[in-house]
>>> print(open('data_1.csv').read())   # CSV, C-alpha atoms and all ligand atoms
chain,number,residue,atom,x,y,z
A,1,MET,CA,-28.5,-43.9,-32.5
A,2,THR,CA,-24.8,-42.9,-32.5
A,3,ALA,CA,-23.3,-40.5,-30.0
A,4,ALA,CA,-22.6,-38.0,-32.8
A,5,ARG,CA,-26.2,-38.0,-33.9
A,6,ALA,CA,-27.3,-37.5,-30.3
A,7,CYS,CA,-25.0,-34.5,-30.0
A,8,ARG,CA,-26.6,-32.9,-33.0
A,9,LEU,CA,-30.0,-33.4,-31.5
A,10,TYR,CA,-29.3,-32.2,-28.0
A,11,ASN,CA,-27.1,-29.1,-28.2
A,12,ILE,CA,-26.0,-28.4,-24.7
A,13,HIS,CA,-25.5,-24.7,-25.5
A,14,MET,CA,-29.2,-24.1,-26.3
A,15,THR,CA,-30.5,-22.7,-23.1
A,16,THR,CA,-31.8,-19.5,-21.5
A,17,ALA,CA,-29.2,-16.8,-21.1
A,18,TYR,CA,-29.5,-13.6,-19.1
A,19,THR,CA,-27.5,-10.5,-18.4
A,20,LEU,CA,-27.7,-8.4,-15.2
A,21,VAL,CA,-26.9,-4.6,-15.0
A,22,ILE,CA,-27.7,-3.3,-11.6
A,23,SER,CA,-26.2,0.2,-12.1
A,24,PRO,CA,-25.7,0.6,-8.3
A,25,GLN,CA,-24.7,4.3,-8.6
A,26,HIS,CA,-27.6,5.3,-10.8
A,27,GLU,CA,-29.9,6.4,-8.1
A,28,TYR,CA,-31.3,9.7,-6.9
A,29,LEU,CA,-32.8,10.5,-3.5
A,30,ASP,CA,-36.0,8.5,-3.1
A,31,HIS,CA,-36.7,8.1,-6.8
A,32,PRO,CA,-38.6,4.8,-7.5
A,33,GLU,CA,-36.3,3.7,-10.4
A,34,ARG,CA,-33.5,2.6,-8.0
A,35,PRO,CA,-31.1,-0.3,-7.7
A,36,GLY,CA,-33.2,-1.7,-4.8
A,37,ARG,CA,-35.9,-2.7,-7.4
A,38,LEU,CA,-33.7,-5.7,-8.0
A,39,ASP,CA,-33.0,-6.6,-4.4
A,40,GLU,CA,-35.4,-9.5,-4.2
A,41,LEU,CA,-34.7,-10.8,-7.6
A,42,ILE,CA,-30.9,-11.1,-7.4
A,43,PRO,CA,-30.7,-13.8,-4.7
A,44,LYS,CA,-33.1,-15.9,-6.8
A,45,LEU,CA,-31.2,-15.7,-10.1
A,46,ASP,CA,-29.2,-18.9,-9.5
A,47,SER,CA,-32.4,-20.9,-9.1
A,48,PHE,CA,-33.7,-20.1,-12.6
A,49,GLN,CA,-31.4,-22.5,-14.5
A,50,ALA,CA,-30.3,-19.8,-16.9
A,51,GLU,CA,-26.7,-19.0,-17.9
A,52,LYS,CA,-25.3,-15.5,-17.1
A,53,LEU,CA,-23.7,-13.7,-20.0
A,54,GLU,CA,-21.1,-11.0,-19.3
A,55,ALA,CA,-21.9,-7.8,-21.1
A,56,LEU,CA,-19.8,-5.0,-22.6
A,57,PRO,CA,-21.0,-1.4,-23.0
A,58,ALA,CA,-22.7,-0.7,-26.3
A,59,LYS,CA,-20.6,1.3,-28.8
A,60,PRO,CA,-21.8,4.9,-29.6
A,61,GLU,CA,-22.4,3.7,-33.2
A,62,GLU,CA,-24.7,1.0,-31.9
A,63,ILE,CA,-26.7,3.5,-29.8
A,64,ALA,CA,-26.7,5.8,-32.9
A,65,ARG,CA,-28.8,3.3,-34.8
A,66,VAL,CA,-31.7,4.7,-32.7
A,67,HIS,CA,-30.6,8.0,-31.1
A,68,VAL,CA,-29.3,11.2,-32.7
A,69,PRO,CA,-25.6,11.9,-32.0
A,70,ARG,CA,-26.5,15.1,-30.2
A,71,LEU,CA,-28.4,13.2,-27.5
A,72,ILE,CA,-25.5,10.7,-27.0
A,73,SER,CA,-22.9,13.4,-26.6
A,74,GLY,CA,-25.2,15.7,-24.7
A,75,LEU,CA,-26.0,13.0,-22.1
A,76,GLU,CA,-22.3,12.1,-21.7
A,77,ARG,CA,-21.5,15.8,-21.1
A,78,VAL,CA,-24.4,16.3,-18.6
A,79,CYS,CA,-23.5,13.2,-16.6
A,80,HIS,CA,-19.8,14.0,-16.4
A,81,GLU,CA,-20.1,17.8,-15.9
A,82,GLN,CA,-23.4,18.6,-14.3
A,83,ALA,CA,-24.8,15.5,-12.6
A,84,PRO,CA,-26.5,14.6,-10.3
A,85,GLY,CA,-29.7,16.2,-11.3
A,86,ILE,CA,-33.1,16.0,-13.0
A,87,ILE,CA,-33.3,16.3,-16.8
A,88,ASP,CA,-37.1,16.1,-17.4
A,89,TYR,CA,-40.4,16.4,-15.6
A,90,ALA,CA,-41.0,12.6,-15.3
A,91,PRO,CA,-38.7,13.1,-13.4
A,92,THR,CA,-35.7,11.5,-15.1
A,93,PHE,CA,-32.5,11.8,-13.2
A,94,VAL,CA,-28.8,11.4,-14.1
A,95,THR,CA,-25.8,10.8,-11.9
A,96,GLN,CA,-22.1,10.9,-12.7
A,97,THR,CA,-22.1,7.2,-13.7
A,98,SER,CA,-25.5,7.3,-15.6
A,99,PHE,CA,-24.0,7.6,-19.1
A,100,GLU,CA,-21.7,4.5,-18.6
A,101,ASP,CA,-24.6,2.7,-16.8
A,102,ALA,CA,-26.9,3.3,-19.8
A,103,MET,CA,-24.2,2.2,-22.3
A,104,LEU,CA,-23.8,-1.0,-20.3
A,105,ALA,CA,-27.6,-1.6,-20.1
A,106,ALA,CA,-27.8,-1.2,-23.9
A,107,GLY,CA,-24.8,-3.5,-24.4
A,108,ALA,CA,-26.3,-6.1,-22.1
A,109,THR,CA,-29.4,-6.1,-24.1
A,110,LEU,CA,-27.4,-6.5,-27.3
A,111,ALA,CA,-25.5,-9.5,-25.7
A,112,CYS,CA,-28.8,-11.3,-25.2
A,113,THR,CA,-30.2,-10.7,-28.7
A,114,ARG,CA,-26.9,-11.6,-30.4
A,115,ALA,CA,-26.5,-14.8,-28.4
A,116,VAL,CA,-30.0,-15.8,-29.5
A,117,ILE,CA,-29.5,-14.9,-33.1
A,118,ALA,CA,-26.1,-16.7,-33.2
A,119,GLY,CA,-27.8,-19.8,-31.7
A,120,GLU,CA,-25.6,-19.7,-28.6
A,121,ALA,CA,-28.8,-19.5,-26.4
A,122,GLN,CA,-32.3,-20.5,-27.2
A,123,ASN,CA,-33.8,-17.4,-25.6
A,124,ALA,CA,-32.7,-14.7,-23.1
A,125,PHE,CA,-33.7,-12.1,-20.5
A,126,ALA,CA,-31.8,-8.8,-20.2
A,127,ILE,CA,-32.3,-7.6,-16.6
A,128,VAL,CA,-31.0,-4.1,-17.0
A,129,ARG,CA,-31.5,-0.6,-15.6
A,130,PRO,CA,-31.8,2.2,-16.5
A,131,PRO,CA,-34.9,1.1,-18.5
A,132,GLY,CA,-35.4,2.3,-22.1
A,133,HIS,CA,-38.8,2.3,-23.7
A,134,HIS,CA,-39.7,6.0,-23.1
A,135,ALA,CA,-36.4,7.2,-24.6
A,136,GLU,CA,-37.1,8.7,-28.1
A,137,PRO,CA,-34.5,9.1,-30.9
A,138,ASN,CA,-33.8,12.7,-29.8
A,139,LYS,CA,-34.9,12.7,-26.2
A,140,ALA,CA,-34.2,10.9,-22.9
A,141,MET,CA,-37.3,10.8,-20.8
A,142,GLY,CA,-39.5,8.8,-18.4
A,143,PHE,CA,-36.7,7.4,-16.3
A,144,CYS,CA,-35.1,6.2,-19.6
A,145,LEU,CA,-31.8,7.3,-21.1
A,146,PHE,CA,-31.2,5.1,-24.1
A,147,ASN,CA,-33.9,2.8,-25.6
A,148,ASN,CA,-32.3,-0.6,-25.0
A,149,ILE,CA,-34.9,-2.7,-26.8
A,150,ALA,CA,-35.1,-0.4,-29.9
A,151,ILE,CA,-31.3,-0.5,-30.1
A,152,ALA,CA,-31.3,-4.3,-29.9
A,153,ALA,CA,-34.1,-4.5,-32.6
A,154,ARG,CA,-32.0,-2.3,-35.0
A,155,ASP,CA,-29.0,-4.4,-34.2
A,156,ALA,CA,-30.9,-7.6,-35.0
A,157,LEU,CA,-31.6,-6.1,-38.4
A,158,ALA,CA,-27.9,-5.3,-38.8
A,159,GLN,CA,-27.2,-9.0,-38.0
A,160,GLY,CA,-29.3,-10.0,-41.0
A,161,LEU,CA,-32.9,-10.4,-39.7
A,162,GLU,CA,-35.6,-8.8,-41.8
A,163,ARG,CA,-38.5,-8.3,-39.4
A,164,VAL,CA,-38.5,-7.9,-35.6
A,165,LEU,CA,-41.5,-7.4,-33.4
A,166,VAL,CA,-41.4,-5.7,-30.0
A,167,VAL,CA,-44.3,-6.5,-27.6
A,168,ASP,CA,-44.4,-4.2,-24.6
A,169,TYR,CA,-46.5,-5.2,-21.5
A,170,ASP,CA,-45.1,-2.5,-19.2
A,171,ALA,CA,-48.0,-0.5,-17.7
A,172,HIS,CA,-46.8,2.6,-19.6
A,173,HIS,CA,-46.9,3.2,-23.3
A,174,GLY,CA,-43.4,2.9,-24.8
A,175,ASN,CA,-43.6,6.2,-26.7
A,176,GLY,CA,-39.8,6.0,-27.4
A,177,THR,CA,-40.0,2.6,-29.1
A,178,GLN,CA,-43.0,3.7,-31.1
A,179,ALA,CA,-41.2,6.9,-32.3
A,180,ALA,CA,-38.1,4.9,-33.2
A,181,PHE,CA,-40.1,2.4,-35.3
A,182,LEU,CA,-42.7,4.7,-36.8
A,183,ASP,CA,-41.2,4.8,-40.3
A,184,ASP,CA,-39.2,1.6,-40.3
A,185,GLU,CA,-41.3,-1.2,-42.0
A,186,ARG,CA,-38.9,-3.8,-40.8
A,187,LEU,CA,-39.9,-3.2,-37.2
A,188,ALA,CA,-43.3,-3.6,-35.5
A,189,TYR,CA,-44.4,-2.5,-32.0
A,190,LEU,CA,-47.4,-3.7,-29.9
A,191,SER,CA,-48.0,-2.1,-26.6
A,192,THR,CA,-50.6,-2.8,-23.8
A,193,HIS,CA,-50.7,0.0,-21.3
A,194,GLN,CA,-52.9,1.7,-18.7
A,195,TRP,CA,-54.7,4.6,-20.4
A,196,GLY,CA,-54.6,8.0,-18.9
A,197,ILE,CA,-51.2,7.9,-17.2
A,198,TYR,CA,-47.7,8.9,-18.2
A,199,PRO,CA,-46.6,9.7,-21.0
A,200,GLY,CA,-50.1,10.3,-22.5
A,201,THR,CA,-49.4,8.6,-25.8
A,202,GLY,CA,-50.6,5.2,-27.1
A,203,TRP,CA,-54.2,5.7,-28.1
A,204,ILE,CA,-55.5,3.2,-30.8
A,205,ASP,CA,-55.1,5.6,-33.7
A,206,ASP,CA,-51.7,7.1,-32.7
A,207,ALA,CA,-49.9,5.8,-35.8
A,208,PRO,CA,-52.4,5.9,-38.7
A,209,ARG,CA,-49.7,5.2,-41.4
A,210,ALA,CA,-48.5,2.1,-39.6
A,211,ARG,CA,-51.7,0.1,-39.1
A,212,ASN,CA,-51.0,-3.6,-38.4
A,213,ARG,CA,-47.4,-2.6,-37.4
A,214,ILE,CA,-47.8,-0.1,-34.6
A,215,VAL,CA,-50.5,-1.6,-32.4
A,216,ASN,CA,-51.6,0.2,-29.3
A,217,VAL,CA,-54.0,-1.4,-26.7
A,218,PRO,CA,-54.9,1.3,-24.2
A,219,LEU,CA,-56.6,-0.3,-21.1
A,220,PRO,CA,-58.6,0.7,-18.1
A,221,PRO,CA,-57.1,0.4,-14.6
A,222,PHE,CA,-57.1,-3.2,-13.3
A,223,ALA,CA,-57.7,-4.7,-16.7
A,224,GLY,CA,-56.1,-7.8,-15.2
A,225,ASN,CA,-55.1,-11.3,-16.2
A,226,GLN,CA,-58.3,-12.1,-18.1
A,227,ALA,CA,-58.0,-9.1,-20.3
A,228,PHE,CA,-54.4,-10.1,-21.1
A,229,ALA,CA,-55.5,-13.7,-22.0
A,230,GLN,CA,-58.0,-12.1,-24.5
A,231,ILE,CA,-55.4,-9.7,-25.8
A,232,THR,CA,-52.9,-12.5,-26.6
A,233,GLU,CA,-55.4,-14.4,-28.7
A,234,MET,CA,-57.4,-11.4,-30.2
A,235,ILE,CA,-54.5,-9.0,-30.8
A,236,ILE,CA,-51.0,-10.3,-30.3
A,237,LYS,CA,-51.5,-13.5,-32.3
A,238,PRO,CA,-53.0,-11.8,-35.4
A,239,THR,CA,-50.2,-9.2,-35.2
A,240,VAL,CA,-47.6,-11.9,-35.2
A,241,GLU,CA,-49.4,-13.7,-38.1
A,242,ALA,CA,-49.7,-10.5,-40.1
A,243,PHE,CA,-46.1,-9.2,-39.6
A,244,ARG,CA,-44.3,-12.6,-39.5
A,245,PRO,CA,-41.4,-11.5,-37.3
A,246,GLN,CA,-38.2,-13.5,-37.3
A,247,MET,CA,-37.6,-12.6,-33.6
A,248,ILE,CA,-39.8,-11.2,-30.8
A,249,LEU,CA,-38.4,-8.8,-28.2
A,250,VAL,CA,-40.5,-8.1,-25.1
A,251,SER,CA,-40.5,-4.9,-23.0
A,252,ALA,CA,-41.2,-6.7,-19.7
A,253,GLY,CA,-42.4,-4.0,-17.2
A,254,PHE,CA,-43.6,-5.4,-13.9
A,255,ASP,CA,-45.4,-2.2,-13.1
A,256,SER,CA,-48.4,-3.9,-14.7
A,257,HIS,CA,-48.8,-5.7,-11.4
A,258,TRP,CA,-51.9,-4.7,-9.5
A,259,SER,CA,-49.9,-3.6,-6.4
A,260,ASP,CA,-47.3,-1.5,-8.2
A,261,PRO,CA,-46.8,1.8,-6.3
A,262,ILE,CA,-47.0,4.0,-9.4
A,263,THR,CA,-49.6,2.3,-11.7
A,264,ALA,CA,-52.5,-0.1,-11.6
A,265,LEU,CA,-53.0,-2.5,-14.5
A,266,GLY,CA,-54.2,-5.4,-12.4
A,267,LEU,CA,-51.9,-8.3,-13.4
A,268,SER,CA,-50.6,-10.9,-11.0
A,269,SER,CA,-47.5,-13.1,-11.3
A,270,ALA,CA,-49.8,-15.8,-12.8
A,271,GLY,CA,-50.9,-13.2,-15.4
A,272,PHE,CA,-47.2,-12.4,-16.3
A,273,PHE,CA,-46.6,-16.1,-16.7
A,274,GLN,CA,-49.6,-16.6,-19.0
A,275,VAL,CA,-48.8,-13.7,-21.3
A,276,SER,CA,-45.0,-14.5,-21.3
A,277,LYS,CA,-45.7,-18.2,-22.0
A,278,ARG,CA,-47.9,-17.4,-25.0
A,279,LEU,CA,-45.2,-15.1,-26.4
A,280,VAL,CA,-42.7,-17.9,-26.0
A,281,GLU,CA,-45.1,-20.2,-27.8
A,282,LEU,CA,-45.7,-17.7,-30.6
A,283,ALA,CA,-41.9,-17.3,-31.0
A,284,ALA,CA,-41.6,-21.1,-31.2
A,285,GLU,CA,-44.3,-21.2,-33.9
A,286,HIS,CA,-43.1,-18.2,-36.0
A,287,CYS,CA,-39.5,-17.3,-35.1
A,288,GLY,CA,-37.7,-20.5,-34.5
A,289,GLY,CA,-38.0,-19.8,-30.8
A,290,LYS,CA,-36.1,-16.6,-30.9
A,291,ILE,CA,-37.3,-14.4,-28.1
A,292,VAL,CA,-35.6,-12.0,-25.7
A,293,PHE,CA,-37.2,-10.3,-22.7
A,294,VAL,CA,-35.9,-6.9,-21.6
A,295,LEU,CA,-36.7,-5.4,-18.2
A,296,GLU,CA,-38.5,-2.0,-18.2
A,297,GLY,CA,-40.4,-0.7,-15.2
A,298,GLY,CA,-41.7,-2.3,-12.0
A,299,TYR,CA,-41.2,-0.5,-8.8
A,300,ASP,CA,-42.0,-3.0,-6.1
A,301,PRO,CA,-39.0,-5.4,-5.5
A,302,ALA,CA,-41.3,-8.4,-4.8
A,303,ASN,CA,-43.2,-7.9,-8.0
A,304,VAL,CA,-40.0,-7.6,-10.0
A,305,ALA,CA,-38.7,-10.9,-8.5
A,306,ASN,CA,-42.0,-12.7,-9.0
A,307,GLY,CA,-42.5,-11.3,-12.5
A,308,ALA,CA,-39.0,-12.2,-13.5
A,309,GLY,CA,-39.6,-15.7,-12.1
A,310,ALA,CA,-42.7,-16.0,-14.3
A,311,VAL,CA,-40.6,-14.9,-17.3
A,312,PHE,CA,-37.8,-17.5,-16.6
A,313,ALA,CA,-40.5,-20.2,-16.1
A,314,ALA,CA,-42.0,-19.3,-19.5
A,315,LEU,CA,-38.6,-19.2,-21.2
A,316,ALA,CA,-37.8,-22.7,-19.8
A,317,GLY,CA,-41.0,-24.0,-21.3
A,318,THR,CA,-42.5,-24.9,-18.0
A,319,ARG,CA,-45.7,-26.8,-18.4
A,320,ALA,CA,-46.9,-26.2,-14.8
A,321,GLU,CA,-48.6,-22.9,-14.0
A,322,PHE,CA,-46.4,-20.3,-12.3
A,323,ASP,CA,-48.2,-18.4,-9.5
A,324,ALA,CA,-46.5,-16.6,-6.6
A,325,GLY,CA,-49.8,-16.4,-4.7
A,326,ASP,CA,-50.5,-12.7,-5.4
A,327,PRO,CA,-54.0,-12.6,-7.0
A,328,CYS,CA,-55.5,-9.2,-7.7
A,329,PRO,CA,-58.1,-8.4,-5.1
A,330,ARG,CA,-60.1,-6.2,-7.5
A,331,GLY,CA,-62.7,-7.2,-10.0
A,332,GLU,CA,-61.8,-6.9,-13.7
A,333,PRO,CA,-63.6,-4.4,-15.9
A,334,GLU,CA,-65.1,-5.5,-19.3
A,335,VAL,CA,-62.5,-4.8,-22.0
A,336,GLU,CA,-64.0,-6.6,-25.0
A,337,SER,CA,-65.5,-3.5,-26.7
A,338,ARG,CA,-62.1,-1.8,-26.5
A,339,LEU,CA,-60.3,-4.9,-27.9
A,340,ASP,CA,-62.9,-5.0,-30.7
A,341,GLU,CA,-62.1,-1.3,-31.4
A,342,VAL,CA,-58.4,-2.1,-31.7
A,343,ARG,CA,-59.1,-5.1,-34.0
A,344,ARG,CA,-61.4,-3.0,-36.3
A,345,TRP,CA,-58.7,-0.2,-36.6
A,346,HIS,CA,-56.1,-2.7,-37.7
A,347,GLY,CA,-58.5,-4.9,-39.7
A,348,PHE,CA,-57.8,-8.1,-37.7
B,1,ZN,ZN,-43.7,1.6,-16.8
>>> encode(input="data_1.csv", output="C-alpha cells")
Amino acid sequence: MTAARACRLYNIHMTTAYTLVISPQHEYLDHPERPGRLDELIPKLDSFQAEKLEALPAKPEEIARVHVPRLISGLERVCHEQAPGIIDYAPTFVTQTSFEDAMLAAGATLACTRAVIAGEAQNAFAIVRPPGHHAEPNKAMGFCLFNNIAIAARDALAQGLERVLVVDYDAHHGNGTQAAFLDDERLAYLSTHQWGIYPGTGWIDDAPRARNRIVNVPLPPFAGNQAFAQITEMIIKPTVEAFRPQMILVSAGFDSHWSDPITALGLSSAGFFQVSKRLVELAAEHCGGKIVFVLEGGYDPANVANGAGAVFAALAGTRAEFDAGDPCPRGEPEVESRLDEVRRWHGF
C-alpha cells in the first residue's frame, strides 16, 4: 500500500472535538446552575484525547432560526440594563454578561455541529452553559436562555442536512426543543425524563400530530440503567430507523444521575456510558457517524465530570466498559408497561 493510499484511509483530522464555555460571570447567589458545575470536569479534559475547538458567539440571525427577534433583543436589554435578577419562576437568572454568555454557548454548539458536518471531526461534545433545552421559541425559562441544541439542529439543516434527530436524556423534559420542532418535519425529538417534575410537559401524548417524530418517555423516579438499556432498544432504535436522521444531537443532562441534588432518575456513570455508546453506534449505522453531544443539566460537579467522561469514552469508541464506581443504591422499578404504552402510541 502506498503512503498516499494510507493517508486517504487514515485521516488524522477525524477525531473527537469539543468546545468549552464556562461563562464564569453567569452565576447568581447559590443558584445550582453555576460555573462550579464544571469544576471537576475541567482538570480532566486533557485526558480525553479530544481536540478543543475555539468558538465564536452565534450571530443573531443564527439564534433567530429558533427564537423570535423580540426574545433576543429583550434578553439583551434586560441583561445590559436591569441585571442581575430573576426572569422566571424556575428560577432563571440573568447577569450583565448572560446575553454574551448565551450567544457564546450557542456559537460553541454550532462550532461542534459544523466541524462534524464538514468532516473536520468525527464527532463532538459542546460543554456549554447556560444550558438550552427548556428555552422555547418565544420564552427563556428553566435556567435556559437560548436553545443551543435546537439552534444547532436548524443550522445543520441550513448546512444541507435534511433530517436531524435530537435525543435528550436530561432528567427534565426539553419542552423548548419540543416546541421548536413541533411543526418542522425535518426535525425529530426523543426525550427520556422523570415524570412529575419541572416543567410538567412531556407526557406520551403531548404531540399527537407528530407521532413517530416527537417521542416522549416519561419515567418514574430511579428508573435507572436497566430502564435505559430497554429504552435504547425498544424506543430509540425504532425511532432512528423510522426517521432516518442524517445526524444525531444529544441533550446530555447529567442530572439523570441518581445522586443529583435536584432530580432522581437513577442512572450511574456506567448507565450514561451505555446509552451514549448505543447512540454513537446508531449514528455510525445510520448517520455516517455524525453525532454531537451538548451539555444540559447536572448539578453535582462529580456527576458532571463522570458523565462527561462516559460520553468521551463512548465518542472514542471505547470497547471496555466505563464505570466511575457510582452504582445506584436503590432498586429499579418496573418500566416495561410504560415503555409498551410509548411503543403503542407511536406504532413501533
Ligand atoms: Zn435537567
>>> atom_distance(input="data_1.csv", atom1="CA of Arg278 (chain A)", atom2="CA of Leu165 (chain A)")
14.5 Å
>>> residues_near_ligand(input="data_1.csv", ligand="ligand ZN 1 (chain B)", cutoff="12 Å", atoms="only C-alpha atoms and all ligand atoms", output="PyMOL selection string")
chain A and resi 32-33+90+130-134+141-144+168-175+191-195+197-199+251-257+260-265+295-300
>>> residues_near_point(input="data_1.csv", point="(-36.5, -19.7, -24.4)", cutoff="7 Å", atoms="only C-alpha atoms", output="PyMOL selection string")
chain A and resi 15-16+122-124+280+289+291+315-317
>>> write_last_selection(input="data_1.csv", atoms="C-alpha atoms", output="short mmCIF file (atom, residue, chain, number, x, y, z; two decimals), keeping the file's coordinate frame")
data_model
loop_
_atom_site.label_atom_id
_atom_site.label_comp_id
_atom_site.auth_asym_id
_atom_site.auth_seq_id
_atom_site.Cartn_x
_atom_site.Cartn_y
_atom_site.Cartn_z
CA THR A 15 -30.50 -22.70 -23.10
CA THR A 16 -31.80 -19.50 -21.50
CA GLN A 122 -32.30 -20.50 -27.20
CA ASN A 123 -33.80 -17.40 -25.60
CA ALA A 124 -32.70 -14.70 -23.10
CA VAL A 280 -42.70 -17.90 -26.00
CA GLY A 289 -38.00 -19.80 -30.80
CA ILE A 291 -37.30 -14.40 -28.10
CA LEU A 315 -38.60 -19.20 -21.20
CA ALA A 316 -37.80 -22.70 -19.80
CA GLY A 317 -41.00 -24.00 -21.30
#
>>> atom_distance(input="data_1.csv", atom1="CA of His26 (chain A)", atom2="CA of Cys79 (chain A)")
10.6 Å
>>> atom_distance(input="data_1.csv", atom1="CA of Pro301 (chain A)", atom2="CA of Gly202 (chain A)")
26.7 Å
>>> closest_atom_pairs(input="data_1.csv", of="region 118-171 of chain A", to="region 36-48 of chain A", cutoff="10 Å", atoms="all atoms listed in the file", output="JSON lines")
{"residue": "A:Ile127", "atom": "CA", "partner": "A:Leu38", "partner_atom": "CA", "distance": 8.9}
{"residue": "A:Val128", "atom": "CA", "partner": "A:Leu38", "partner_atom": "CA", "distance": 9.5}
{"residue": "A:Arg129", "atom": "CA", "partner": "A:Leu38", "partner_atom": "CA", "distance": 9.4}
>>> closest_residue(input="data_1.csv", among="A:Pro35, A:Ala223, A:Ala229, A:Tyr28", to="Val304 (chain A)", atoms="all atoms listed in the file")
A:Pro35
>>> closest_residue(input="data_1.csv", among="A:Arg65, A:Ala270, A:Leu145, A:Ala102", to="Ala158 (chain A)", atoms="all atoms listed in the file")
A:Arg65
>>> closest_residue(input="data_1.csv", among="A:Gly119, A:Pro333, A:Gly266, A:Pro245", to="Leu187 (chain A)", atoms="only C-alpha atoms")
A:Pro245
>>> residues_around(input="data_1.csv", residues="Lys59 (chain A)", least_positions_apart="4", cutoff="9 Å", atoms="all atoms listed in the file", output="VMD selection string")
chain A and resid 63 to 64 103 107
>>> build_atoms(input="data_1.csv", residues="region 225-243 of chain A", atoms="N, CA and C atoms", output="PDB file, in the frame of the given file")
ATOM      1  N   ASN A 225     -55.590 -10.109 -15.486  1.00  0.00           N
ATOM      2  CA  ASN A 225     -55.100 -11.300 -16.200  1.00  0.00           C
ATOM      3  C   ASN A 225     -56.049 -11.749 -17.313  1.00  0.00           C
ATOM      4  N   GLN A 226     -57.361 -11.668 -17.070  1.00  0.00           N
ATOM      5  CA  GLN A 226     -58.300 -12.100 -18.100  1.00  0.00           C
ATOM      6  C   GLN A 226     -58.240 -11.296 -19.330  1.00  0.00           C
ATOM      7  N   ALA A 227     -58.090  -9.975 -19.144  1.00  0.00           N
ATOM      8  CA  ALA A 227     -58.000  -9.100 -20.300  1.00  0.00           C
ATOM      9  C   ALA A 227     -56.718  -9.474 -21.114  1.00  0.00           C
ATOM     10  N   PHE A 228     -55.625  -9.779 -20.428  1.00  0.00           N
ATOM     11  CA  PHE A 228     -54.400 -10.100 -21.100  1.00  0.00           C
ATOM     12  C   PHE A 228     -54.513 -11.471 -21.851  1.00  0.00           C
ATOM     13  N   ALA A 229     -55.289 -12.380 -21.262  1.00  0.00           N
ATOM     14  CA  ALA A 229     -55.500 -13.700 -22.000  1.00  0.00           C
ATOM     15  C   ALA A 229     -56.272 -13.408 -23.262  1.00  0.00           C
ATOM     16  N   GLN A 230     -57.252 -12.487 -23.231  1.00  0.00           N
ATOM     17  CA  GLN A 230     -58.000 -12.100 -24.500  1.00  0.00           C
ATOM     18  C   GLN A 230     -57.084 -11.427 -25.449  1.00  0.00           C
ATOM     19  N   ILE A 231     -56.241 -10.524 -24.935  1.00  0.00           N
ATOM     20  CA  ILE A 231     -55.400  -9.700 -25.800  1.00  0.00           C
ATOM     21  C   ILE A 231     -54.383 -10.649 -26.559  1.00  0.00           C
ATOM     22  N   THR A 232     -53.860 -11.663 -25.873  1.00  0.00           N
ATOM     23  CA  THR A 232     -52.900 -12.500 -26.600  1.00  0.00           C
ATOM     24  C   THR A 232     -53.537 -13.215 -27.747  1.00  0.00           C
ATOM     25  N   GLU A 233     -54.799 -13.657 -27.590  1.00  0.00           N
ATOM     26  CA  GLU A 233     -55.400 -14.400 -28.700  1.00  0.00           C
ATOM     27  C   GLU A 233     -56.039 -13.421 -29.727  1.00  0.00           C
ATOM     28  N   MET A 234     -56.631 -12.299 -29.271  1.00  0.00           N
ATOM     29  CA  MET A 234     -57.400 -11.400 -30.200  1.00  0.00           C
ATOM     30  C   MET A 234     -56.479 -10.407 -30.882  1.00  0.00           C
ATOM     31  N   ILE A 235     -55.332 -10.074 -30.286  1.00  0.00           N
ATOM     32  CA  ILE A 235     -54.500  -9.000 -30.800  1.00  0.00           C
ATOM     33  C   ILE A 235     -53.066  -9.376 -31.085  1.00  0.00           C
ATOM     34  N   ILE A 236     -52.418  -9.992 -30.088  1.00  0.00           N
ATOM     35  CA  ILE A 236     -51.000 -10.300 -30.300  1.00  0.00           C
ATOM     36  C   ILE A 236     -50.837 -11.379 -31.361  1.00  0.00           C
ATOM     37  N   LYS A 237     -51.637 -12.440 -31.282  1.00  0.00           N
ATOM     38  CA  LYS A 237     -51.500 -13.500 -32.300  1.00  0.00           C
ATOM     39  C   LYS A 237     -51.744 -13.040 -33.697  1.00  0.00           C
ATOM     40  N   PRO A 238     -52.841 -12.301 -33.971  1.00  0.00           N
ATOM     41  CA  PRO A 238     -53.000 -11.800 -35.400  1.00  0.00           C
ATOM     42  C   PRO A 238     -51.898 -10.855 -35.791  1.00  0.00           C
ATOM     43  N   THR A 239     -51.337 -10.086 -34.848  1.00  0.00           N
ATOM     44  CA  THR A 239     -50.200  -9.200 -35.200  1.00  0.00           C
ATOM     45  C   THR A 239     -49.023 -10.012 -35.651  1.00  0.00           C
ATOM     46  N   VAL A 240     -48.718 -11.048 -34.890  1.00  0.00           N
ATOM     47  CA  VAL A 240     -47.600 -11.900 -35.200  1.00  0.00           C
ATOM     48  C   VAL A 240     -47.834 -12.576 -36.599  1.00  0.00           C
ATOM     49  N   GLU A 241     -49.059 -13.043 -36.809  1.00  0.00           N
ATOM     50  CA  GLU A 241     -49.400 -13.700 -38.100  1.00  0.00           C
ATOM     51  C   GLU A 241     -49.298 -12.772 -39.259  1.00  0.00           C
ATOM     52  N   ALA A 242     -49.691 -11.513 -39.033  1.00  0.00           N
ATOM     53  CA  ALA A 242     -49.700 -10.500 -40.100  1.00  0.00           C
ATOM     54  C   ALA A 242     -48.250 -10.051 -40.424  1.00  0.00           C
ATOM     55  N   PHE A 243     -47.470  -9.802 -39.386  1.00  0.00           N
ATOM     56  CA  PHE A 243     -46.100  -9.200 -39.600  1.00  0.00           C
ATOM     57  C   PHE A 243     -45.055 -10.237 -39.840  1.00  0.00           C
TER      58      PHE A 243
END
